file target08.txt (compact mmCIF, C-alpha atoms and all ligand atoms)
# COMPACT_ATOMS: atom_id res chain seq x y z
CA MET H 261 0.00 0.00 0.00
CA LYS H 262 1.13 3.53 -0.76
CA LYS H 263 2.59 5.21 2.31
CA LEU H 264 0.83 8.57 1.94
CA LYS H 265 -2.46 7.42 0.44
CA ASP H 266 -5.10 10.21 0.53
CA LYS H 267 -2.81 12.60 2.40
CA VAL H 268 -2.42 16.26 1.50
CA SER H 269 1.14 17.58 1.63
CA LEU H 270 2.63 21.03 1.29
CA VAL H 271 6.33 21.26 0.37
CA THR H 272 8.15 24.60 0.28
CA GLY H 273 11.19 25.17 -1.90
CA ALA H 274 9.94 22.47 -4.25
CA GLY H 275 11.20 24.08 -7.45
CA ALA H 276 14.60 22.43 -7.10
CA GLY H 277 16.79 20.10 -5.06
CA MET H 278 15.45 18.13 -2.14
CA GLY H 279 12.02 19.82 -2.12
CA ARG H 280 11.43 18.84 -5.73
CA GLU H 281 12.29 15.20 -5.03
CA MET H 282 10.13 15.21 -1.91
CA ALA H 283 7.14 16.55 -3.86
CA LEU H 284 7.53 13.86 -6.55
CA LEU H 285 8.12 11.03 -4.07
CA PHE H 286 5.21 12.05 -1.82
CA ALA H 287 2.90 12.26 -4.86
CA SER H 288 4.06 8.86 -6.10
CA GLU H 289 3.21 7.51 -2.61
CA GLY H 290 -0.39 8.64 -3.02
CA SER H 291 -0.32 12.16 -1.59
CA ARG H 292 -1.88 15.16 -3.25
CA VAL H 293 0.88 17.75 -3.12
CA VAL H 294 0.98 21.54 -3.07
CA ALA H 295 4.49 22.53 -4.17
CA THR H 296 5.67 26.09 -3.60
CA ASP H 297 8.76 28.10 -4.48
CA ILE H 298 9.87 31.53 -5.64
CA ASN H 299 11.40 29.84 -8.68
CA LYS H 300 8.56 29.90 -11.23
CA GLN H 301 10.57 28.07 -13.88
CA GLY H 302 11.49 25.32 -11.45
CA LEU H 303 7.83 24.85 -10.56
CA GLU H 304 6.84 24.71 -14.23
CA GLY H 305 9.38 21.93 -14.79
CA LEU H 306 8.05 20.07 -11.75
CA LYS H 307 4.47 20.43 -12.96
CA LYS H 308 5.40 19.02 -16.39
CA GLU H 309 7.18 16.05 -14.86
CA ALA H 310 4.26 15.41 -12.50
CA GLU H 311 1.77 15.50 -15.37
CA ALA H 312 3.90 13.13 -17.44
CA LYS H 313 3.93 10.70 -14.51
CA GLY H 314 0.23 11.15 -13.71
CA LEU H 315 0.99 12.64 -10.28
CA ASP H 316 -1.28 15.13 -8.49
CA ILE H 317 0.88 18.19 -7.82
CA THR H 318 -0.44 21.76 -7.62
CA THR H 319 2.26 24.43 -7.91
CA ILE H 320 2.12 27.92 -6.43
CA VAL H 321 4.71 30.67 -6.64
CA ALA H 322 5.08 31.74 -3.01
CA ASP H 323 7.83 33.44 -1.06
CA ILE H 324 8.18 31.85 2.37
CA SER H 325 9.41 35.18 3.76
CA LYS H 326 6.11 36.91 2.88
CA GLU H 327 3.29 36.31 5.34
CA GLU H 328 0.54 36.75 2.74
CA ASP H 329 2.20 34.12 0.52
CA VAL H 330 2.52 31.73 3.46
CA ASP H 331 -1.15 32.08 4.35
CA LYS H 332 -2.10 31.70 0.68
CA MET H 333 -0.24 28.42 0.27
CA VAL H 334 -1.87 26.86 3.34
CA GLU H 335 -5.29 28.13 2.25
CA THR H 336 -4.74 26.68 -1.23
CA ALA H 337 -3.99 23.25 0.20
CA VAL H 338 -7.16 23.35 2.28
CA SER H 339 -9.41 24.86 -0.41
CA SER H 340 -8.09 22.57 -3.17
CA TYR H 341 -7.89 19.33 -1.24
CA GLY H 342 -9.91 19.87 1.94
CA ALA H 343 -7.09 19.23 4.42
CA LEU H 344 -3.43 19.70 5.26
CA ASP H 345 -1.80 16.56 6.65
CA ILE H 346 1.90 17.13 6.03
CA LEU H 347 3.93 20.34 5.93
CA VAL H 348 7.57 20.24 4.87
CA ASN H 349 9.42 23.44 5.66
CA ASN H 350 12.20 22.83 3.18
CA ALA H 351 12.95 26.17 1.48
CA GLY H 352 16.26 27.60 2.64
CA ILE H 353 19.18 29.75 1.60
CA MET H 354 22.86 29.92 2.52
CA ASP H 355 25.01 32.85 3.62
CA ASN H 356 28.44 32.50 1.99
CA PHE H 357 29.79 31.37 5.38
CA LYS H 358 29.90 35.01 6.52
CA THR H 359 31.14 35.53 10.07
CA VAL H 360 29.35 37.76 12.58
CA GLY H 361 31.85 40.53 11.83
CA GLU H 362 31.19 40.31 8.11
CA ALA H 363 27.45 39.70 8.02
CA ALA H 364 25.51 42.74 6.78
CA ASN H 365 22.09 43.42 8.27
CA ASP H 366 20.29 42.53 5.06
CA LEU H 367 22.08 39.16 4.80
CA TRP H 368 21.22 38.32 8.43
CA ASP H 369 17.61 39.49 8.02
CA ARG H 370 17.08 37.58 4.76
CA VAL H 371 18.55 34.30 6.04
CA ILE H 372 16.53 34.44 9.27
CA ALA H 373 13.38 35.42 7.34
CA VAL H 374 13.64 32.50 4.91
CA ASN H 375 15.18 29.79 7.10
CA LEU H 376 13.44 30.47 10.43
CA THR H 377 10.62 33.03 10.40
CA GLY H 378 9.10 31.51 7.23
CA PRO H 379 8.90 28.02 8.78
CA PHE H 380 7.47 29.54 11.99
CA LYS H 381 4.68 31.29 10.06
CA ALA H 382 3.99 28.30 7.84
CA SER H 383 3.84 26.05 10.91
CA ARG H 384 1.51 28.49 12.66
CA SER H 385 -0.91 28.45 9.73
CA ALA H 386 -0.59 24.68 9.43
CA VAL H 387 -1.16 23.78 13.10
CA ARG H 388 -4.31 25.91 13.12
CA VAL H 389 -5.65 23.59 10.42
CA MET H 390 -4.14 20.37 11.77
CA GLU H 391 -5.43 20.91 15.32
CA LYS H 392 -8.99 20.68 14.00
CA GLN H 393 -8.36 17.51 11.97
CA LYS H 394 -9.22 14.10 13.40
CA ASN H 395 -5.85 12.69 12.29
CA GLY H 396 -3.82 15.76 13.24
CA GLY H 397 -0.79 16.18 11.05
CA VAL H 398 2.95 16.02 10.54
CA ILE H 399 5.49 18.83 10.21
CA ILE H 400 9.01 18.24 8.93
CA ASN H 401 11.63 20.97 9.14
CA ASN H 402 14.62 20.68 6.84
CA SER H 403 17.38 22.03 9.08
CA SER H 404 21.04 21.11 8.56
CA ILE H 405 24.00 19.79 10.45
CA GLY H 406 24.64 23.55 10.60
CA GLY H 407 21.76 23.47 13.10
CA MET H 408 23.75 21.14 15.36
CA PHE H 409 27.36 22.30 15.02
CA GLY H 410 28.87 25.77 15.05
CA VAL H 411 30.83 25.89 11.84
CA ARG H 412 28.90 24.10 9.09
CA GLY H 413 27.84 27.47 7.64
CA GLY H 414 28.14 31.16 8.42
CA ALA H 415 26.72 32.95 11.47
CA ALA H 416 23.25 33.63 10.07
CA TYR H 417 22.83 30.19 8.51
CA VAL H 418 23.99 28.36 11.64
CA ALA H 419 21.81 30.52 13.90
CA SER H 420 18.77 30.06 11.65
CA LYS H 421 19.19 26.29 11.46
CA HIS H 422 19.78 25.97 15.23
CA GLY H 423 16.61 28.05 15.66
CA LEU H 424 14.71 25.72 13.38
CA ILE H 425 15.69 22.74 15.53
CA GLY H 426 14.55 24.67 18.64
CA LEU H 427 11.24 25.41 16.95
CA THR H 428 10.93 21.72 16.03
CA ARG H 429 11.44 20.59 19.63
CA ASN H 430 9.07 23.22 21.00
CA MET H 431 6.30 22.18 18.63
CA ALA H 432 6.96 18.46 19.19
CA ALA H 433 6.75 18.85 22.96
CA THR H 434 3.49 20.79 22.75
CA TYR H 435 1.55 19.56 19.73
CA GLY H 436 3.05 16.07 19.65
CA VAL H 437 2.74 15.30 23.35
CA PHE H 438 -0.52 17.16 24.05
CA GLY H 439 -1.97 16.98 20.56
CA ASN H 440 -1.85 14.94 17.46
CA ILE H 441 0.80 16.71 15.41
CA ARG H 442 4.25 15.13 15.11
CA VAL H 443 7.13 17.49 14.40
CA ASN H 444 10.62 16.37 13.40
CA ALA H 445 13.70 17.84 11.77
CA ILE H 446 16.11 16.54 9.18
CA ALA H 447 19.75 17.56 9.45
CA PRO H 448 21.33 16.92 6.06
CA GLY H 449 25.07 17.09 5.57
CA GLY H 450 26.44 17.67 2.07
CA VAL H 451 23.82 17.14 -0.64
CA GLU H 452 24.45 17.75 -4.33
CA THR H 453 21.94 20.51 -5.21
CA ASP H 454 21.83 24.00 -6.72
CA ILE H 455 22.38 25.51 -3.27
CA GLN H 456 26.10 24.78 -3.66
CA ASP H 457 26.16 27.23 -6.62
CA THR H 458 24.92 30.04 -4.38
CA ILE H 459 28.25 30.02 -2.51
CA LYS H 460 29.76 32.67 -4.78
CA ASP H 461 31.70 34.88 -2.41
CA PRO H 462 32.71 32.69 0.54
CA SER H 463 34.14 34.36 3.60
CA GLU H 464 37.85 33.64 4.08
CA LEU H 465 37.56 33.43 7.88
CA GLY H 466 34.26 31.57 7.72
CA SER H 467 35.76 29.02 5.32
CA LYS H 468 38.85 28.67 7.52
CA ALA H 469 36.63 27.99 10.55
CA ILE H 470 34.80 25.29 8.63
CA GLY H 471 38.28 23.95 7.93
CA ASP H 472 39.38 20.72 6.38
CA LYS H 473 37.01 18.13 7.75
CA GLY H 474 38.34 15.50 5.39
CA GLU H 475 36.38 14.28 2.41
CA ILE H 476 32.74 15.30 2.69
CA PRO H 477 30.32 12.51 1.75
CA MET H 478 27.80 13.93 -0.71
CA GLY H 479 24.24 12.66 -0.79
CA THR H 480 21.49 13.11 -3.36
CA SER H 481 18.13 14.85 -3.17
CA GLY H 482 16.51 11.45 -3.75
CA GLN H 483 18.18 10.03 -0.63
CA LEU H 484 16.92 12.95 1.44
CA ALA H 485 13.41 12.65 0.00
CA LYS H 486 13.28 9.10 1.37
CA VAL H 487 14.21 10.39 4.84
CA ALA H 488 11.36 12.91 4.57
CA LEU H 489 8.98 10.15 3.45
CA PHE H 490 9.85 8.11 6.55
CA LEU H 491 9.09 11.10 8.80
CA ALA H 492 5.89 11.93 6.87
CA SER H 493 4.46 8.43 6.97
CA ASP H 494 3.09 6.26 9.77
CA ASP H 495 6.37 4.31 9.69
CA SER H 496 7.62 6.99 12.09
CA SER H 497 4.43 7.19 14.19
CA PHE H 498 6.38 7.20 17.51
CA VAL H 499 9.10 9.57 16.26
CA ASN H 500 8.44 13.08 17.54
CA GLY H 501 10.92 15.87 18.26
CA ALA H 502 13.77 13.99 16.61
CA VAL H 503 16.58 15.46 14.58
CA LEU H 504 17.42 12.90 11.95
CA THR H 505 20.96 13.41 10.71
CA ALA H 506 21.47 12.36 7.10
CA ASP H 507 25.07 13.15 6.27
CA GLY H 508 26.67 9.86 5.27
CA GLY H 509 28.56 9.86 8.57
CA TRP H 510 30.27 13.23 8.10
CA THR H 511 29.61 14.36 11.67
CA ALA H 512 29.92 10.89 13.22
CA GLY H 513 33.70 11.06 13.60
N1 LIG H 601 22.34 20.92 -0.15
C1 LIG H 601 22.91 20.81 1.03
O1 LIG H 601 24.10 20.45 1.12
C2 LIG H 601 22.13 21.09 2.29
C3 LIG H 601 22.68 20.69 3.51
C4 LIG H 601 21.97 20.91 4.67
C5 LIG H 601 20.74 21.52 4.63
N2 LIG H 601 20.22 21.92 3.46
C6 LIG H 601 18.89 22.55 3.47
O2 LIG H 601 17.99 21.83 2.67
C7 LIG H 601 16.98 22.68 2.16
C8 LIG H 601 16.83 22.48 0.67
O3 LIG H 601 18.04 22.89 0.04
P1 LIG H 601 18.56 22.32 -1.35
O4 LIG H 601 19.96 21.90 -1.13
O5 LIG H 601 17.58 21.40 -1.94
O6 LIG H 601 18.65 23.71 -2.13
P2 LIG H 601 18.12 24.21 -3.54
O7 LIG H 601 18.71 25.57 -3.69
O8 LIG H 601 18.35 23.20 -4.60
O9 LIG H 601 16.56 24.31 -3.29
C9 LIG H 601 16.01 25.24 -2.40
C10 LIG H 601 14.76 25.82 -3.02
O10 LIG H 601 14.24 26.81 -2.12
C11 LIG H 601 13.77 27.89 -2.88
N3 LIG H 601 13.70 29.11 -2.09
C12 LIG H 601 14.69 29.94 -1.73
N4 LIG H 601 14.20 31.00 -1.09
C13 LIG H 601 12.87 30.85 -1.04
C14 LIG H 601 11.80 31.62 -0.52
N5 LIG H 601 12.03 32.80 0.06
N6 LIG H 601 10.53 31.16 -0.64
C15 LIG H 601 10.28 29.97 -1.26
N7 LIG H 601 11.25 29.22 -1.79
C16 LIG H 601 12.53 29.64 -1.69
C17 LIG H 601 14.77 28.02 -4.03
O11 LIG H 601 14.24 28.77 -5.10
C18 LIG H 601 15.04 26.56 -4.35
O12 LIG H 601 14.21 26.08 -5.37
C19 LIG H 601 17.41 24.10 2.58
O13 LIG H 601 16.66 24.50 3.71
C20 LIG H 601 18.86 23.94 2.92
O14 LIG H 601 19.31 24.89 3.85
C21 LIG H 601 20.88 21.73 2.27

call {"tool": "encode", "arguments": {"input": "target08.txt", "output": "structure tokens"}}
result
Amino acid sequence: MKKLKDKVSLVTGAGAGMGREMALLFASEGSRVVATDINKQGLEGLKKEAEAKGLDITTIVADISKEEDVDKMVETAVSSYGALDILVNNAGIMDNFKTVGEAANDLWDRVIAVNLTGPFKASRSAVRVMEKQKNGGVIINNSSIGGMFGVRGGAAYVASKHGLIGLTRNMAATYGVFGNIRVNAIAPGGVETDIQDTIKDPSELGSKAIGDKGEIPMGTSGQLAKVALFLASDDSSFVNGAVLTADGGWTAG
């Protein structure tokens, strides 16, 4: 049986990388999927692929850092499909490894807005729907090993991803323990996606702090989509408040 049969999922940042693979995998497991991104072209490509495969994916251009867009995407899931069972807060941006001393206000503000405040607002809209549903819901936050260790990104990225893990645990301990909404985080290590191309002007000090950690195992978006599927499905029904590291062992040593 399909693992997400009759579920309604919302995946942010689904125009590329891990979010795209999650949207396709969730739909192939029986979910109706609302896929959002600021990348219109990416969403058009996803829509075409979904149609070719007979998968039910609705795409919406939405900026996670804009409250009206966040509300719109949750409303669309509910108005189109009558429910919201799974939210994946996946959209995220990097920060060129900038140190505190180097980080300009607009870099800090943008990274926090996309990586932390966006997931907070999306989760707020989602729990208000999920709380009223008989079967509750599931929220998955795509954090990073930068959310667990100090130098796997710059100051803003690391702070935003630590914050996202804090938000995950807070929601898990309230809505998971006293309600019916499970909330977990994924902490990917290196994954081959377009995000690597956004590192255009890396900080010298920030890069030095990251240092030579030996060869970094690189995963694929498909591998991470399977981690998300586990957390989205009933296979993980007793997993709540967890941070699932998926880094090929990079941080194990
Ligand atoms: N690739 C890695 O090595 C890695 C490692 C750890 C964590 N992560 C995290 O995984 C998540 C997915 O990253 P990815 O590697 O697939 O990157 P990606 O760049 O391939 O995909 C991210 C998507 O998010 C979208 N996005 C960016 N800003 C947005 C906004 N304001 N509103 C809506 N969408 C927006 C982008 O347009 C893009 O399509 C991110 O949160 C990232 O921080 C990635």

call {"tool": "atom_distance", "arguments": {"input": "target08.txt", "atom1": "CA of Asn356 in chain H", "atom2": "CA of Gly414 in chain H"}}
result
6.6 Å

call {"tool": "closest_atom_pairs", "arguments": {"input": "target08.txt", "of": "chain H", "to": "ligand LIG 601 (chain H)", "cutoff": "8 Å", "atoms": "all atoms listed in the file", "output": "tab-separated table"}}
result
residue	atom	partner	partner_atom	distance
H:Thr272	CA	H:LIG601	N7	5.9
H:Gly273	CA	H:LIG601	O10	3.5
H:Ala274	CA	H:LIG601	O12	5.7
H:Gly275	CA	H:LIG601	O12	4.2
H:Ala276	CA	H:LIG601	O12	4.1
H:Gly277	CA	H:LIG601	O5	3.5
H:Met278	CA	H:LIG601	O5	3.9
H:Gly279	CA	H:LIG601	O5	5.8
H:Arg280	CA	H:LIG601	O5	7.7
H:Thr296	CA	H:LIG601	C15	6.5
H:Asp297	CA	H:LIG601	N7	3.8
H:Ile298	CA	H:LIG601	C15	4.7
H:Asn299	CA	H:LIG601	O11	4.7
H:Gly302	CA	H:LIG601	O12	6.7
H:Val321	CA	H:LIG601	C15	7.8
H:Ala322	CA	H:LIG601	C15	5.8
H:Asp323	CA	H:LIG601	N6	3.6
H:Ile324	CA	H:LIG601	N6	3.9
H:Ser325	CA	H:LIG601	N5	5.1
H:Lys326	CA	H:LIG601	N5	7.7
H:Asn349	CA	H:LIG601	O13	7.6
H:Asn350	CA	H:LIG601	O13	4.8
H:Ala351	CA	H:LIG601	O10	3.9
H:Gly352	CA	H:LIG601	O13	3.3
H:Ile353	CA	H:LIG601	O14	5.4
H:Met354	CA	H:LIG601	O14	6.3
H:Ala373	CA	H:LIG601	N5	7.9
H:Val374	CA	H:LIG601	N5	5.1
H:Asn375	CA	H:LIG601	O13	6.5
H:Gly378	CA	H:LIG601	N5	7.9
H:Asn402	CA	H:LIG601	O13	5.3
H:Ser403	CA	H:LIG601	C5	5.6
H:Ser404	CA	H:LIG601	C5	4.0
H:Ile405	CA	H:LIG601	C4	6.2
H:Gly406	CA	H:LIG601	C4	7.0
H:Tyr417	CA	H:LIG601	O14	7.9
H:Lys421	CA	H:LIG601	O14	7.7
H:Ala447	CA	H:LIG601	C4	6.2
H:Pro448	CA	H:LIG601	C4	4.3
H:Gly449	CA	H:LIG601	C3	4.8
H:Gly450	CA	H:LIG601	O1	3.8
H:Val451	CA	H:LIG601	O1	3.8
H:Glu452	CA	H:LIG601	N1	5.7
H:Thr453	CA	H:LIG601	O8	4.5
H:Asp454	CA	H:LIG601	O8	4.2
H:Ile455	CA	H:LIG601	O7	3.7
H:Gln456	CA	H:LIG601	N1	6.4
H:Thr458	CA	H:LIG601	O7	7.7
H:Met478	CA	H:LIG601	O1	7.7
H:Ser481	CA	H:LIG601	O5	6.7

call {"tool": "residues_around", "arguments": {"input": "target08.txt", "residues": "range 464-470 of chain H", "least_positions_apart": "2", "cutoff": "12 Å", "atoms": "all atoms listed in the file", "output": "list in words"}}
result
Asp355, Asn356, Phe357, Lys358, Thr359, Val360, Gly361, Glu362, Ala363, Gly406, Phe409, Gly410, Val411, Arg412, Gly413, Gly414, Ala415, Ala416, Tyr417, Val418, Ile459, Asp461, Pro462, Asp472, Lys473, Gly474 and Ile476 of chain H

call {"tool": "axis_aligned_box", "arguments": {"input": "target08.txt", "around": "range 410-428 of chain H", "padding_each_side": "4 Å", "output": "AutoDock Vina command-line options"}}
result
--center_x 20.9 --center_y 27.7 --center_z 13.1 --size_x 27.9 --size_y 19.9 --size_z 19.0

call {"tool": "atom_distance", "arguments": {"input": "target08.txt", "atom1": "CA of Lys307 in chain H", "atom2": "CA of Thr319 in chain H"}}
result
6.8 Å

call {"tool": "atom_distance", "arguments": {"input": "target08.txt", "atom1": "CA of Ser463 in chain H", "atom2": "CA of Gly508 in chain H"}}
result
25.7 Å

call {"tool": "residues_around", "arguments": {"input": "target08.txt", "residues": "Ala433 in chain H", "least_positions_apart": "6", "cutoff": "12 Å", "atoms": "all atoms listed in the file", "output": "list in words"}}
result
Gly426, Leu427, Gly439, Asn440, Ile441, Arg442, Val443, Asn444, Val499, Asn500, Gly501 and Ala502 of chain H

call {"tool": "write_last_selection", "arguments": {"input": "target08.txt", "atoms": "C-alpha atoms", "output": "compact mmCIF listing (two decimals), in the frame of the given file"}}
result
# COMPACT_ATOMS: atom_id res chain seq x y z
CA GLY H 426 14.55 24.67 18.64
CA LEU H 427 11.24 25.41 16.95
CA GLY H 439 -1.97 16.98 20.56
CA ASN H 440 -1.85 14.94 17.46
CA ILE H 441 0.80 16.71 15.41
CA ARG H 442 4.25 15.13 15.11
CA VAL H 443 7.13 17.49 14.40
CA ASN H 444 10.62 16.37 13.40
CA VAL H 499 9.10 9.57 16.26
CA ASN H 500 8.44 13.08 17.54
CA GLY H 501 10.92 15.87 18.26
CA ALA H 502 13.77 13.99 16.61

call {"tool": "closest_residue", "arguments": {"input": "target08.txt", "among": "H:Thr434, H:Val330, H:Asp457, H:Leu270", "to": "Ile400 in chain H", "atoms": "only C-alpha atoms"}}
result
H:Leu270

call {"tool": "closest_residue", "arguments": {"input": "target08.txt", "among": "H:Val348, H:Gly436, H:Val387, H:Lys381", "to": "Phe498 in chain H", "atoms": "all atoms listed in the file"}}
result
H:Gly436

call {"tool": "closest_residue", "arguments": {"input": "target08.txt", "among": "H:Ala512, H:Leu347, H:Ala506, H:Val271", "to": "Thr480 in chain H", "atoms": "only C-alpha atoms"}}
result
H:Ala506

call {"tool": "closest_residue", "arguments": {"input": "target08.txt", "among": "H:Leu284, H:Leu484, H:Leu344, H:Ala419", "to": "Ile446 in chain H", "atoms": "all atoms listed in the file"}}
result
H:Leu484

call {"tool": "closest_residue", "arguments": {"input": "target08.txt", "among": "H:Met333, H:Met390, H:Ile346, H:Ala287", "to": "Ile317 in chain H", "atoms": "all atoms listed in the file"}}
result
H:Ala287

call {"tool": "decode", "arguments": {"input": "target08.txt", "residues": "range 425-447 of chain H", "atoms": "N, CA, C and O atoms", "output": "mmCIF file, in the first residue's frame"}}
result
data_model
loop_
_atom_site.group_PDB
_atom_site.id
_atom_site.type_symbol
_atom_site.label_atom_id
_atom_site.label_comp_id
_atom_site.auth_asym_id
_atom_site.auth_seq_id
_atom_site.Cartn_x
_atom_site.Cartn_y
_atom_site.Cartn_z
ATOM 1 N N ILE H 425 15.729 23.952 14.693
ATOM 2 C CA ILE H 425 15.692 22.744 15.528
ATOM 3 C C ILE H 425 14.997 23.067 16.864
ATOM 4 O O ILE H 425 14.193 22.276 17.373
ATOM 5 N N GLY H 426 15.250 24.248 17.407
ATOM 6 C CA GLY H 426 14.551 24.666 18.635
ATOM 7 C C GLY H 426 13.051 24.744 18.413
ATOM 8 O O GLY H 426 12.260 24.277 19.251
ATOM 9 N N LEU H 427 12.665 25.301 17.291
ATOM 10 C CA LEU H 427 11.238 25.407 16.950
ATOM 11 C C LEU H 427 10.625 24.002 16.816
ATOM 12 O O LEU H 427 9.519 23.742 17.291
ATOM 13 N N THR H 428 11.382 23.107 16.191
ATOM 14 C CA THR H 428 10.930 21.720 16.025
ATOM 15 C C THR H 428 10.641 21.091 17.387
ATOM 16 O O THR H 428 9.583 20.486 17.607
ATOM 17 N N ARG H 429 11.590 21.241 18.308
ATOM 18 C CA ARG H 429 11.440 20.595 19.628
ATOM 19 C C ARG H 429 10.301 21.228 20.412
ATOM 20 O O ARG H 429 9.545 20.551 21.108
ATOM 21 N N ASN H 430 10.169 22.554 20.294
ATOM 22 C CA ASN H 430 9.069 23.223 21.002
ATOM 23 C C ASN H 430 7.723 22.705 20.498
ATOM 24 O O ASN H 430 6.835 22.375 21.287
ATOM 25 N N MET H 431 7.587 22.628 19.192
ATOM 26 C CA MET H 431 6.296 22.178 18.634
ATOM 27 C C MET H 431 6.055 20.708 18.965
ATOM 28 O O MET H 431 4.928 20.314 19.270
ATOM 29 N N ALA H 432 7.116 19.891 18.906
ATOM 30 C CA ALA H 432 6.956 18.463 19.191
ATOM 31 C C ALA H 432 6.484 18.254 20.623
ATOM 32 O O ALA H 432 5.622 17.412 20.902
ATOM 33 N N ALA H 433 7.062 19.031 21.541
ATOM 34 C CA ALA H 433 6.753 18.855 22.964
ATOM 35 C C ALA H 433 5.380 19.428 23.324
ATOM 36 O O ALA H 433 4.830 19.083 24.367
ATOM 37 N N THR H 434 4.841 20.281 22.488
ATOM 38 C CA THR H 434 3.489 20.789 22.749
ATOM 39 C C THR H 434 2.474 20.017 21.896
ATOM 40 O O THR H 434 1.666 19.258 22.421
ATOM 41 N N TYR H 435 2.576 20.146 20.601
ATOM 42 C CA TYR H 435 1.552 19.564 19.730
ATOM 43 C C TYR H 435 1.682 18.043 19.583
ATOM 44 O O TYR H 435 0.703 17.366 19.280
ATOM 45 N N GLY H 436 2.872 17.520 19.766
ATOM 46 C CA GLY H 436 3.045 16.068 19.651
ATOM 47 C C GLY H 436 2.639 15.367 20.922
ATOM 48 O O GLY H 436 1.990 14.325 20.902
ATOM 49 N N VAL H 437 3.019 15.954 22.062
ATOM 50 C CA VAL H 437 2.739 15.301 23.348
ATOM 51 C C VAL H 437 1.296 15.564 23.767
ATOM 52 O O VAL H 437 0.598 14.664 24.224
ATOM 53 N N PHE H 438 0.836 16.807 23.594
ATOM 54 C CA PHE H 438 -0.515 17.161 24.052
ATOM 55 C C PHE H 438 -1.522 17.236 22.910
ATOM 56 O O PHE H 438 -2.676 17.580 23.117
ATOM 57 N N GLY H 439 -1.074 16.943 21.724
ATOM 58 C CA GLY H 439 -1.968 16.981 20.563
ATOM 59 C C GLY H 439 -1.671 15.822 19.647
ATOM 60 O O GLY H 439 -1.152 14.790 20.071
ATOM 61 N N ASN H 440 -1.954 16.034 18.408
ATOM 62 C CA ASN H 440 -1.848 14.937 17.459
ATOM 63 C C ASN H 440 -1.025 15.362 16.242
ATOM 64 O O ASN H 440 -1.326 14.993 15.122
ATOM 65 N N ILE H 441 -0.025 16.224 16.512
ATOM 66 C CA ILE H 441 0.802 16.713 15.407
ATOM 67 C C ILE H 441 2.262 16.356 15.720
ATOM 68 O O ILE H 441 2.828 16.845 16.707
ATOM 69 N N ARG H 442 2.837 15.498 14.907
ATOM 70 C CA ARG H 442 4.245 15.133 15.106
ATOM 71 C C ARG H 442 5.127 16.122 14.373
ATOM 72 O O ARG H 442 4.807 16.531 13.241
ATOM 73 N N VAL H 443 6.236 16.511 15.027
ATOM 74 C CA VAL H 443 7.135 17.491 14.396
ATOM 75 C C VAL H 443 8.575 16.991 14.527
ATOM 76 O O VAL H 443 9.056 16.722 15.637
ATOM 77 N N ASN H 444 9.240 16.842 13.407
ATOM 78 C CA ASN H 444 10.625 16.365 13.400
ATOM 79 C C ASN H 444 11.471 17.203 12.451
ATOM 80 O O ASN H 444 10.941 17.891 11.576
ATOM 81 N N ALA H 445 12.774 17.105 12.646
ATOM 82 C CA ALA H 445 13.699 17.841 11.774
ATOM 83 C C ALA H 445 14.631 16.862 11.063
ATOM 84 O O ALA H 445 14.958 15.799 11.600
ATOM 85 N N ILE H 446 15.053 17.270 9.889
ATOM 86 C CA ILE H 446 16.111 16.543 9.180
ATOM 87 C C ILE H 446 17.351 17.428 9.239
ATOM 88 O O ILE H 446 17.258 18.651 9.079
ATOM 89 N N ALA H 447 18.498 16.812 9.478
ATOM 90 C CA ALA H 447 19.749 17.559 9.454
ATOM 91 C C ALA H 447 20.647 16.962 8.373
ATOM 92 O O ALA H 447 21.480 16.089 8.635
#
